Amino acid sequence: MRGGAQLSRRSFLALSSASVGASAMARTPYGGRLRLTVPWPIVSLDPAVLSDGFAALFAAAAFEPLYGLDGAGNPYPALADALPTKLDDGCRVTLRPGLKTAAGRALAGADVVATLARARQRGAVGLLGEIASPSVDAKDALSVVFPRSAADVVARALASPLLALVPRNFSPLAPDGCGAFKCELGRGRAVLTRNPRAARGPAFLEAIEVRAVSDLAELLRGFETGETDVAWFGTGLYRAVKDAATFETPRYAFAVMTAGKMVGAWGAPGTLQALLDAVPASQLSHLGVRGLPAQAVGSAAWGGPATSIAVLGGAPQLVAVARALAATLGTPGHELTVVEKTAAELTDLRATRQFGLLVDVVRAPSPAPRELEMALRSAASPDAAKRAPRTALGNLRDLGRQLPLGMIGDLSVWGTRRAPFMNLEPWQLGAVSFRAPT
Amino acid sequence: MSLARSVAHATHAALIALALATPAARAEPHAVGSGGCQGAQGSLSFIACSVAQQLGAVATGASVTVAELKTDRELPSADALKERTLNAVAAALRPPNADGKAEHAKLRVELHIEKSGGVLRVTAELARAVGLWQRVRHERPRAEGHAFAEAPLDAELRALIPPPPLVVSEVLKLTAPERGIVALACGPLAADGGQELALVTRSDVRVGRIAGPNFVERRRAAWSALSPVAPSPLREPIASAEITREGALRVGLTDRKDGLTLSRDLAVTERFEGLLPVSGGGCAVRTDFGFLATVGACSTEAAARVQVPVVVDAVAGSPAGWVGHEYSQAGLVGPHPEVWQAELHTGAQLAFGDADDDGNPELAYSADTFDAGKDRLTFITLDGKKPVKRFELAAPSISAVAICARREGPGMAPIVVASGDELWLIR
């Protein structure tokens, strides 16, 4: 794809007279628009929120954390100028100079402080549990000082996508970050366009057009009709599409079930997980849920009071999962009914816990086991997550035996993509490119 | 090619010495007694002028003979080369008038000529002619003066010394000291004027030589110590590296805020914020996806005035010109029409230089493929009419290419390729 106005070669020659020299590595082409639908409502984009499927998919495209983790799990500076420097009683983190958000706002230490303060009120409560709030270094506006915190601990925490840097007065309704894309939200749709100010490089794609759907079938239908470039959970609704390739991304979220106050003892830690482990995989796998137990174990019979399962309306995959679970777990006298709620209603329910059961989504911020565990603990109980033990769980479903939260399965993007869209599998959207067919 | 430019290509021992682990090179040709002699007058005239200046006025009018001609390969016109050299030196030593001729006719200048790689070297010994009685007494002539001069092969000399064939006689492969080389340069960076390699990765700049199967590092500098991170680096970096004929290393990397000129010991001597140093001097201006296809002064003020709507993501330069790779295209741009008239299907790794010192530049490039296993190095000559393919070499995953500034030995100038985790020295 060509960018901007082009000049003929002869005209170009007339313009250039000096000699030049350089070598360069293979180039991934810039350009292309990826169109896709998602089974999530599109309302806002907040990197610090755990319970938003759209954010789980796209926050990393628009926001960047201060550090990254290499293949060995060691932190390296991304938006930070260097690894944290040790102080007598704490450590200092300094931002790279010249950083700007997609909207052009210059970033400084005060933005780091604000980012962490709001993330601590949201999904990063567990991650930041043992890290004291930082303050801006009086001698350097680009630096913040973490009192009583070890440099390595701070660097690892700040590598979490939940702590991606946002400017002061950030609004999830008008998201503005340093990621590869800038994001504009509309009613049920979002357009992510290449961010030329991206702190770690602008995206290869020119744009990603995202549209929310309310029906799972639409995820396939759009691909078949040529309206989208990604087919979720299959190769086509009626027929396979030419020039398509199958793909699967890493898990971007978990589908979970939590228990509220209205189910009494049936909400005790481990109860829901035992029930969910007994659900045959065949009941859920056709809904695109991955990571289901190979062998169902135990009794999948809900013995608690008849109650409702709250679920986010406008999230067709999650609603379908809730309905499948209601049908599988419910028994005579212990019926389960599905009730769709708005995002705002669900926020209230999570805060008050005045519900029976809730089928929810928990973002998987990164592949790091500890971070996944903290995300699930924070979703189950933010207060308890602050004091979470330093465990190393081999299987995250085992965590469900300790929490009032049961793991249903993994959510990932899998299905079919149009072949020219390359490198979609890791779901690092800034690195996705379009290679025009020759 | 002018002599002044050709100097950068003059052949000394180094890089191949690197490969063979032989001693280092000698100094730059012009540093050897050039005095007031002008390179622009031609290599033979320059050599003759230098020899005459070094021998001084005492040698004026001396008779000249050629004692020896050494070449690194057989020459079809060896006698003509001897004669031309002899005549040039004799002309330089000729007195402005006949005065003193009788005296100086007793002096004799003996020339030892050596053609090595892309240079011609002349050593002159001034001796007084041996008279009859000295011969009877078996006395040897006493040396009264000595001179040395060398110059790269110019058009005049190339008529007598045909260029080497552009063929691959050897490919030396060695493990690169670091993965992810993004730029290479090969030129006279060593303190003794010998050729060295500069390797640029996203984390380091290294300089050193190839000794046997190893890269022997002389110096390394981390980018983190050289330049701050660019506010918005490219997702895939573009880098440049050039070793100037003055022995400085100019490097740029789109990950970093500043383009740099480094000393032989990799100390920063110049910074060019937001600019990429390019071969042949000057800087290119960063854009969102590459840099503008023109080169100007390395200053922010000059960069602000650049308005070229063409973006290139690779440019290879040499004193013979330049070739640019259009951003996200397989096409090339540049003053050599054959590169854009022909469908060369180049990748984004380019190197440009005169590998055989024949005045027509060569272009080395990677393939237009995204399959690392199908990558290959193609080597062509641009003769002003059409590209002439010399050879192709399968080389997986080429990430940087350089044509060395100097030939070292009878063959073409070495080509250095970063292929996967390896460095290839092709000659």
# chains A, B, ... in the order shown; residues from 1 in each chain; ligands from 1

call {"tool": "residues_around", "arguments": {"residues": "A:Ala384", "least_positions_apart": "5", "cutoff": "9 Å", "atoms": "only C-alpha atoms", "output": "compact mmCIF listing (two decimals) with C-alpha atoms, in the first residue's frame"}}
result
# COMPACT_ATOMS: atom_id res chain seq x y z
CA GLY A 126 -4.39 -7.05 43.49
CA ARG A 377 -8.61 -13.00 42.57
CA SER A 378 -9.37 -9.33 41.97

call {"tool": "residues_around", "arguments": {"residues": "A:Gly270", "least_positions_apart": "5", "cutoff": "7 Å", "atoms": "only C-alpha atoms", "output": "count of residues only"}}
result
5

call {"tool": "select_by_dssp", "arguments": {"residues": "stretch 180-332 of chain B", "states": "helix (DSSP H, G or I)", "output": "ChimeraX atom specification"}}
result
/B:223-226,300-305

call {"tool": "write_last_selection", "arguments": {"atoms": "N, CA and C atoms", "output": "PDB file, in the first residue's frame"}}
result
ATOM      1  N   TRP B 223      23.561   1.354  22.505  1.00  0.00           N
ATOM      2  CA  TRP B 223      22.746   2.476  22.039  1.00  0.00           C
ATOM      3  C   TRP B 223      22.218   3.292  23.224  1.00  0.00           C
ATOM      4  N   SER B 224      21.940   2.584  24.312  1.00  0.00           N
ATOM      5  CA  SER B 224      21.400   3.297  25.470  1.00  0.00           C
ATOM      6  C   SER B 224      22.377   4.354  25.979  1.00  0.00           C
ATOM      7  N   ALA B 225      23.668   4.146  25.721  1.00  0.00           N
ATOM      8  CA  ALA B 225      24.662   5.126  26.141  1.00  0.00           C
ATOM      9  C   ALA B 225      24.940   6.156  25.048  1.00  0.00           C
ATOM     10  N   LEU B 226      24.443   5.894  23.860  1.00  0.00           N
ATOM     11  CA  LEU B 226      24.745   6.792  22.742  1.00  0.00           C
ATOM     12  C   LEU B 226      23.643   7.809  22.487  1.00  0.00           C
ATOM     13  N   THR B 300      18.805  20.514  11.926  1.00  0.00           N
ATOM     14  CA  THR B 300      17.365  20.572  12.081  1.00  0.00           C
ATOM     15  C   THR B 300      16.754  21.627  11.175  1.00  0.00           C
ATOM     16  N   GLU B 301      17.466  22.739  11.002  1.00  0.00           N
ATOM     17  CA  GLU B 301      16.950  23.814  10.155  1.00  0.00           C
ATOM     18  C   GLU B 301      16.833  23.344   8.714  1.00  0.00           C
ATOM     19  N   ALA B 302      17.867  22.675   8.250  1.00  0.00           N
ATOM     20  CA  ALA B 302      17.838  22.182   6.872  1.00  0.00           C
ATOM     21  C   ALA B 302      16.755  21.126   6.713  1.00  0.00           C
ATOM     22  N   ALA B 303      16.608  20.285   7.728  1.00  0.00           N
ATOM     23  CA  ALA B 303      15.603  19.220   7.641  1.00  0.00           C
ATOM     24  C   ALA B 303      14.205  19.801   7.544  1.00  0.00           C
ATOM     25  N   ALA B 304      13.968  20.907   8.230  1.00  0.00           N
ATOM     26  CA  ALA B 304      12.647  21.516   8.216  1.00  0.00           C
ATOM     27  C   ALA B 304      12.262  22.019   6.830  1.00  0.00           C
ATOM     28  N   ARG B 305      13.257  22.270   6.021  1.00  0.00           N
ATOM     29  CA  ARG B 305      12.966  22.798   4.686  1.00  0.00           C
ATOM     30  C   ARG B 305      12.738  21.698   3.647  1.00  0.00           C
TER      31      ARG B 305
END

call {"tool": "interface_residues", "arguments": {"of": "chain B", "to": "chain A", "cutoff": "7 Å", "atoms": "only C-alpha atoms", "output": "ChimeraX atom specification"}}
result
/B:182-183,231-236,238-241,278-280,288,294-295,309-310,314-318,321-322,328,333-335,347-351,399-401

call {"tool": "residues_around", "arguments": {"residues": "B:Ala92", "least_positions_apart": "4", "cutoff": "10 Å", "atoms": "only C-alpha atoms", "output": "list of chain:residue names"}}
result
B:Ser45, B:Phe46, B:Ile47, B:Ala48, B:Cys49, B:Ser50, B:Val51, B:Ala52, B:Gln53, B:Ala59, B:Thr60, B:Gly61, B:Leu86, B:Asn87, B:Ala88, B:Pro96

call {"tool": "write_last_selection", "arguments": {"atoms": "N, CA and C atoms", "output": "short mmCIF file (atom, residue, chain, number, x, y, z; two decimals), in the first residue's frame"}}
result
data_model
loop_
_atom_site.label_atom_id
_atom_site.label_comp_id
_atom_site.auth_asym_id
_atom_site.auth_seq_id
_atom_site.Cartn_x
_atom_site.Cartn_y
_atom_site.Cartn_z
N SER B 45 49.72 10.35 -12.46
CA SER B 45 50.32 11.66 -12.25
C SER B 45 50.48 11.95 -10.77
N PHE B 46 49.49 11.54 -10.00
CA PHE B 46 49.58 11.74 -8.55
C PHE B 46 50.75 10.98 -7.97
N ILE B 47 50.89 9.73 -8.39
CA ILE B 47 52.01 8.91 -7.89
C ILE B 47 53.34 9.55 -8.29
N ALA B 48 53.43 9.91 -9.55
CA ALA B 48 54.69 10.49 -10.04
C ALA B 48 55.01 11.79 -9.31
N CYS B 49 54.02 12.61 -9.14
CA CYS B 49 54.19 13.88 -8.43
C CYS B 49 54.63 13.63 -6.99
N SER B 50 53.98 12.64 -6.33
CA SER B 50 54.33 12.34 -4.94
C SER B 50 55.77 11.84 -4.85
N VAL B 51 56.14 10.96 -5.77
CA VAL B 51 57.50 10.42 -5.75
C VAL B 51 58.51 11.55 -5.95
N ALA B 52 58.23 12.40 -6.91
CA ALA B 52 59.15 13.50 -7.18
C ALA B 52 59.27 14.42 -5.97
N GLN B 53 58.15 14.70 -5.35
CA GLN B 53 58.20 15.58 -4.17
C GLN B 53 59.00 14.96 -3.04
N ALA B 59 66.75 14.89 -7.03
CA ALA B 59 66.48 13.85 -8.02
C ALA B 59 66.11 14.40 -9.38
N THR B 60 66.03 15.68 -9.48
CA THR B 60 65.62 16.27 -10.76
C THR B 60 66.58 15.85 -11.87
N GLY B 61 66.02 15.37 -12.93
CA GLY B 61 66.82 14.97 -14.07
C GLY B 61 67.39 13.58 -13.98
N LEU B 86 56.94 4.49 -15.66
CA LEU B 86 58.29 5.04 -15.85
C LEU B 86 58.22 6.43 -16.48
N ASN B 87 57.44 6.55 -17.53
CA ASN B 87 57.35 7.84 -18.22
C ASN B 87 56.78 8.92 -17.31
N ALA B 88 55.78 8.53 -16.51
CA ALA B 88 55.16 9.52 -15.63
C ALA B 88 56.16 10.02 -14.59
N PRO B 96 63.12 21.76 -15.34
CA PRO B 96 62.44 22.77 -16.14
C PRO B 96 63.29 23.25 -17.30
#

call {"tool": "residues_around", "arguments": {"residues": "stretch 69-79 of chain B", "least_positions_apart": "3", "cutoff": "6 Å", "atoms": "only C-alpha atoms", "output": "ChimeraX atom specification"}}
result
/B:82,113-116,160,410

call {"tool": "write_last_selection", "arguments": {"atoms": "C-alpha atoms", "output": "PDB file, in the first residue's frame"}}
result
ATOM      1  CA  LYS B  82      55.733  -0.349 -16.536  1.00  0.00           C
ATOM      2  CA  ILE B 113      55.715  -1.205  -8.842  1.00  0.00           C
ATOM      3  CA  GLU B 114      53.045  -3.212  -7.134  1.00  0.00           C
ATOM      4  CA  LYS B 115      49.455  -3.612  -8.148  1.00  0.00           C
ATOM      5  CA  SER B 116      47.450  -4.983  -5.277  1.00  0.00           C
ATOM      6  CA  LEU B 160      45.952  -1.280 -18.401  1.00  0.00           C
ATOM      7  CA  PRO B 410      42.995  -9.798  -6.696  1.00  0.00           C
TER       8      PRO B 410
END

call {"tool": "closest_residue", "arguments": {"among": "B:Glu422, B:Thr65, B:Phe370, B:Gly131", "to": "A:Met422", "atoms": "only C-alpha atoms"}}
result
B:Phe370

call {"tool": "select_by_dssp", "arguments": {"residues": "stretch 161-361 of chain A", "states": "strand (DSSP E)", "output": "PyMOL selection string"}}
result
chain A and resi 181-186+189-194+207-212+230-232+244-248+253-259+289-290+307-312+336-341+357-361

call {"tool": "atom_distance", "arguments": {"atom1": "atom CA of A:Val113", "atom2": "atom CA of A:Phe254"}}
result
29.1 Å

call {"tool": "closest_residue", "arguments": {"among": "B:Ala405, B:Val312, B:Cys186, B:Val417", "to": "B:Ser366", "atoms": "only C-alpha atoms"}}
result
B:Val417

call {"tool": "residues_around", "arguments": {"residues": "stretch 361-364 of chain A", "least_positions_apart": "6", "cutoff": "8 Å", "atoms": "only C-alpha atoms", "output": "PyMOL selection string"}}
result
chain A and resi 49-53+56+251-256+318+371-372+375-376+379

call {"tool": "write_last_selection", "arguments": {"atoms": "N, CA and C atoms", "output": "short mmCIF file (atom, residue, chain, number, x, y, z; two decimals), in the first residue's frame"}}
result
data_model
loop_
_atom_site.label_atom_id
_atom_site.label_comp_id
_atom_site.auth_asym_id
_atom_site.auth_seq_id
_atom_site.Cartn_x
_atom_site.Cartn_y
_atom_site.Cartn_z
N VAL A 49 -9.64 -1.97 33.40
CA VAL A 49 -10.86 -2.70 33.76
C VAL A 49 -10.69 -4.18 33.42
N LEU A 50 -11.16 -5.03 34.32
CA LEU A 50 -11.06 -6.47 34.11
C LEU A 50 -12.29 -7.06 33.44
N SER A 51 -13.46 -6.42 33.62
CA SER A 51 -14.71 -7.07 33.25
C SER A 51 -15.31 -6.51 31.96
N ASP A 52 -14.46 -6.18 31.01
CA ASP A 52 -14.95 -5.65 29.74
C ASP A 52 -14.28 -6.45 28.61
N GLY A 53 -15.10 -7.21 27.90
CA GLY A 53 -14.56 -8.05 26.83
C GLY A 53 -13.94 -7.23 25.71
N ALA A 56 -10.66 -6.13 26.87
CA ALA A 56 -9.73 -7.26 26.90
C ALA A 56 -9.13 -7.50 25.52
N ARG A 251 -5.58 -16.85 24.74
CA ARG A 251 -6.73 -16.48 25.57
C ARG A 251 -6.69 -14.98 25.88
N TYR A 252 -7.79 -14.32 25.67
CA TYR A 252 -7.82 -12.89 26.03
C TYR A 252 -8.64 -12.64 27.29
N ALA A 253 -9.45 -13.62 27.67
CA ALA A 253 -10.26 -13.46 28.88
C ALA A 253 -10.73 -14.83 29.36
N PHE A 254 -11.28 -14.83 30.54
CA PHE A 254 -11.91 -16.03 31.08
C PHE A 254 -13.42 -15.78 31.16
N ALA A 255 -14.18 -16.81 30.88
CA ALA A 255 -15.60 -16.79 31.22
C ALA A 255 -15.71 -17.40 32.61
N VAL A 256 -16.32 -16.67 33.52
CA VAL A 256 -16.39 -17.16 34.90
C VAL A 256 -17.82 -17.06 35.40
N LEU A 318 -21.42 -14.61 25.75
CA LEU A 318 -21.59 -14.81 27.19
C LEU A 318 -23.03 -15.17 27.52
N GLU A 371 -0.05 -13.01 37.01
CA GLU A 371 -0.95 -11.92 36.67
C GLU A 371 -2.37 -12.45 36.41
N LEU A 372 -2.44 -13.62 35.80
CA LEU A 372 -3.75 -14.23 35.58
C LEU A 372 -4.41 -14.55 36.92
N ALA A 375 -5.67 -11.42 38.46
CA ALA A 375 -6.87 -10.93 37.80
C ALA A 375 -8.10 -11.68 38.32
N LEU A 376 -7.98 -12.98 38.41
CA LEU A 376 -9.12 -13.77 38.90
C LEU A 376 -9.41 -13.47 40.37
N ALA A 379 -11.14 -10.17 40.56
CA ALA A 379 -12.54 -10.25 40.12
C ALA A 379 -13.41 -10.89 41.19
#

call {"tool": "residues_around", "arguments": {"residues": "A:Gly303", "least_positions_apart": "6", "cutoff": "8 Å", "atoms": "only C-alpha atoms", "output": "PyMOL selection string"}}
result
chain A and resi 266+331+334

call {"tool": "write_last_selection", "arguments": {"atoms": "N, CA and C atoms", "output": "PDB file, in the first residue's frame"}}
result
ATOM      1  N   TRP A 266     -24.303 -21.922  48.828  1.00  0.00           N
ATOM      2  CA  TRP A 266     -23.911 -22.418  47.503  1.00  0.00           C
ATOM      3  C   TRP A 266     -22.906 -21.472  46.815  1.00  0.00           C
ATOM      4  N   THR A 331     -32.138 -27.848  37.874  1.00  0.00           N
ATOM      5  CA  THR A 331     -32.889 -29.083  38.132  1.00  0.00           C
ATOM      6  C   THR A 331     -34.262 -28.670  38.657  1.00  0.00           C
ATOM      7  N   HIS A 334     -34.920 -26.236  41.432  1.00  0.00           N
ATOM      8  CA  HIS A 334     -33.682 -25.447  41.551  1.00  0.00           C
ATOM      9  C   HIS A 334     -33.388 -24.800  40.201  1.00  0.00           C
TER      10      HIS A 334
END

call {"tool": "closest_atom_pairs", "arguments": {"of": "stretch 29-89 of chain A", "to": "stretch 184-191 of chain A", "cutoff": "9 Å", "atoms": "only C-alpha atoms", "output": "Markdown table"}}
result
| residue | atom | partner | partner_atom | distance |
| --- | --- | --- | --- | --- |
| A:Thr37 | CA | A:Arg189 | CA | 8.8 |
| A:Trp40 | CA | A:Gly188 | CA | 8.9 |
| A:Pro41 | CA | A:Gly188 | CA | 6.3 |
| A:Ile42 | CA | A:Gly188 | CA | 4.9 |
| A:Val43 | CA | A:Gly188 | CA | 6.8 |
| A:Ser44 | CA | A:Leu185 | CA | 7.1 |
| A:Leu45 | CA | A:Leu185 | CA | 8.3 |

call {"tool": "write_last_selection", "arguments": {"atoms": "C-alpha atoms", "output": "tab-separated table (two decimals), in the first residue's frame"}}
result
chain	number	residue	atom	x	y	z
A	37	THR	CA	-17.11	-7.90	14.56
A	40	TRP	CA	-19.13	-7.55	23.08
A	41	PRO	CA	-20.84	-4.24	23.55
A	42	ILE	CA	-18.68	-1.30	22.59
A	43	VAL	CA	-19.14	1.53	25.01
A	44	SER	CA	-15.78	2.50	26.40
A	45	LEU	CA	-12.14	1.45	26.41

call {"tool": "atom_distance", "arguments": {"atom1": "atom CA of A:Ala322", "atom2": "atom CA of A:Ala60"}}
result
27.2 Å

call {"tool": "residues_around", "arguments": {"residues": "stretch 147-159 of chain A", "least_positions_apart": "3", "cutoff": "7 Å", "atoms": "only C-alpha atoms", "output": "PyMOL selection string"}}
result
chain A and resi 65-69+75+83-86+89-91+127+131-132+134+163

call {"tool": "write_last_selection", "arguments": {"atoms": "C-alpha atoms", "output": "PDB file, in the first residue's frame"}}
result
ATOM      1  CA  PRO A  65       2.529  -0.080  29.987  1.00  0.00           C
ATOM      2  CA  LEU A  66       5.766   1.399  31.280  1.00  0.00           C
ATOM      3  CA  TYR A  67       7.613  -1.893  31.082  1.00  0.00           C
ATOM      4  CA  GLY A  68       7.451  -5.037  29.046  1.00  0.00           C
ATOM      5  CA  LEU A  69       8.461  -8.576  29.898  1.00  0.00           C
ATOM      6  CA  PRO A  75      11.148  -6.580  32.690  1.00  0.00           C
ATOM      7  CA  LEU A  83      14.596   0.015  34.729  1.00  0.00           C
ATOM      8  CA  PRO A  84      13.688   1.482  38.138  1.00  0.00           C
ATOM      9  CA  THR A  85      16.632   2.861  40.028  1.00  0.00           C
ATOM     10  CA  LYS A  86      17.039   1.829  43.625  1.00  0.00           C
ATOM     11  CA  ASP A  89      13.950   3.404  50.752  1.00  0.00           C
ATOM     12  CA  GLY A  90      12.202   2.643  47.521  1.00  0.00           C
ATOM     13  CA  CYS A  91      12.863   3.207  43.874  1.00  0.00           C
ATOM     14  CA  LEU A 127      -1.334  -6.261  41.442  1.00  0.00           C
ATOM     15  CA  ILE A 131       3.167  -1.445  46.244  1.00  0.00           C
ATOM     16  CA  ALA A 132       2.838   1.951  47.846  1.00  0.00           C
ATOM     17  CA  PRO A 134       4.122   6.802  44.107  1.00  0.00           C
ATOM     18  CA  LEU A 163      -1.300  -0.373  34.411  1.00  0.00           C
TER      19      LEU A 163
END

call {"tool": "closest_residue", "arguments": {"among": "B:Pro396, B:Pro387, B:Pro162, B:Gly145", "to": "B:Gly117", "atoms": "only C-alpha atoms"}}
result
B:Pro162

call {"tool": "atom_distance", "arguments": {"atom1": "atom CA of B:Ala127", "atom2": "atom CA of B:Glu83"}}
result
20.0 Å
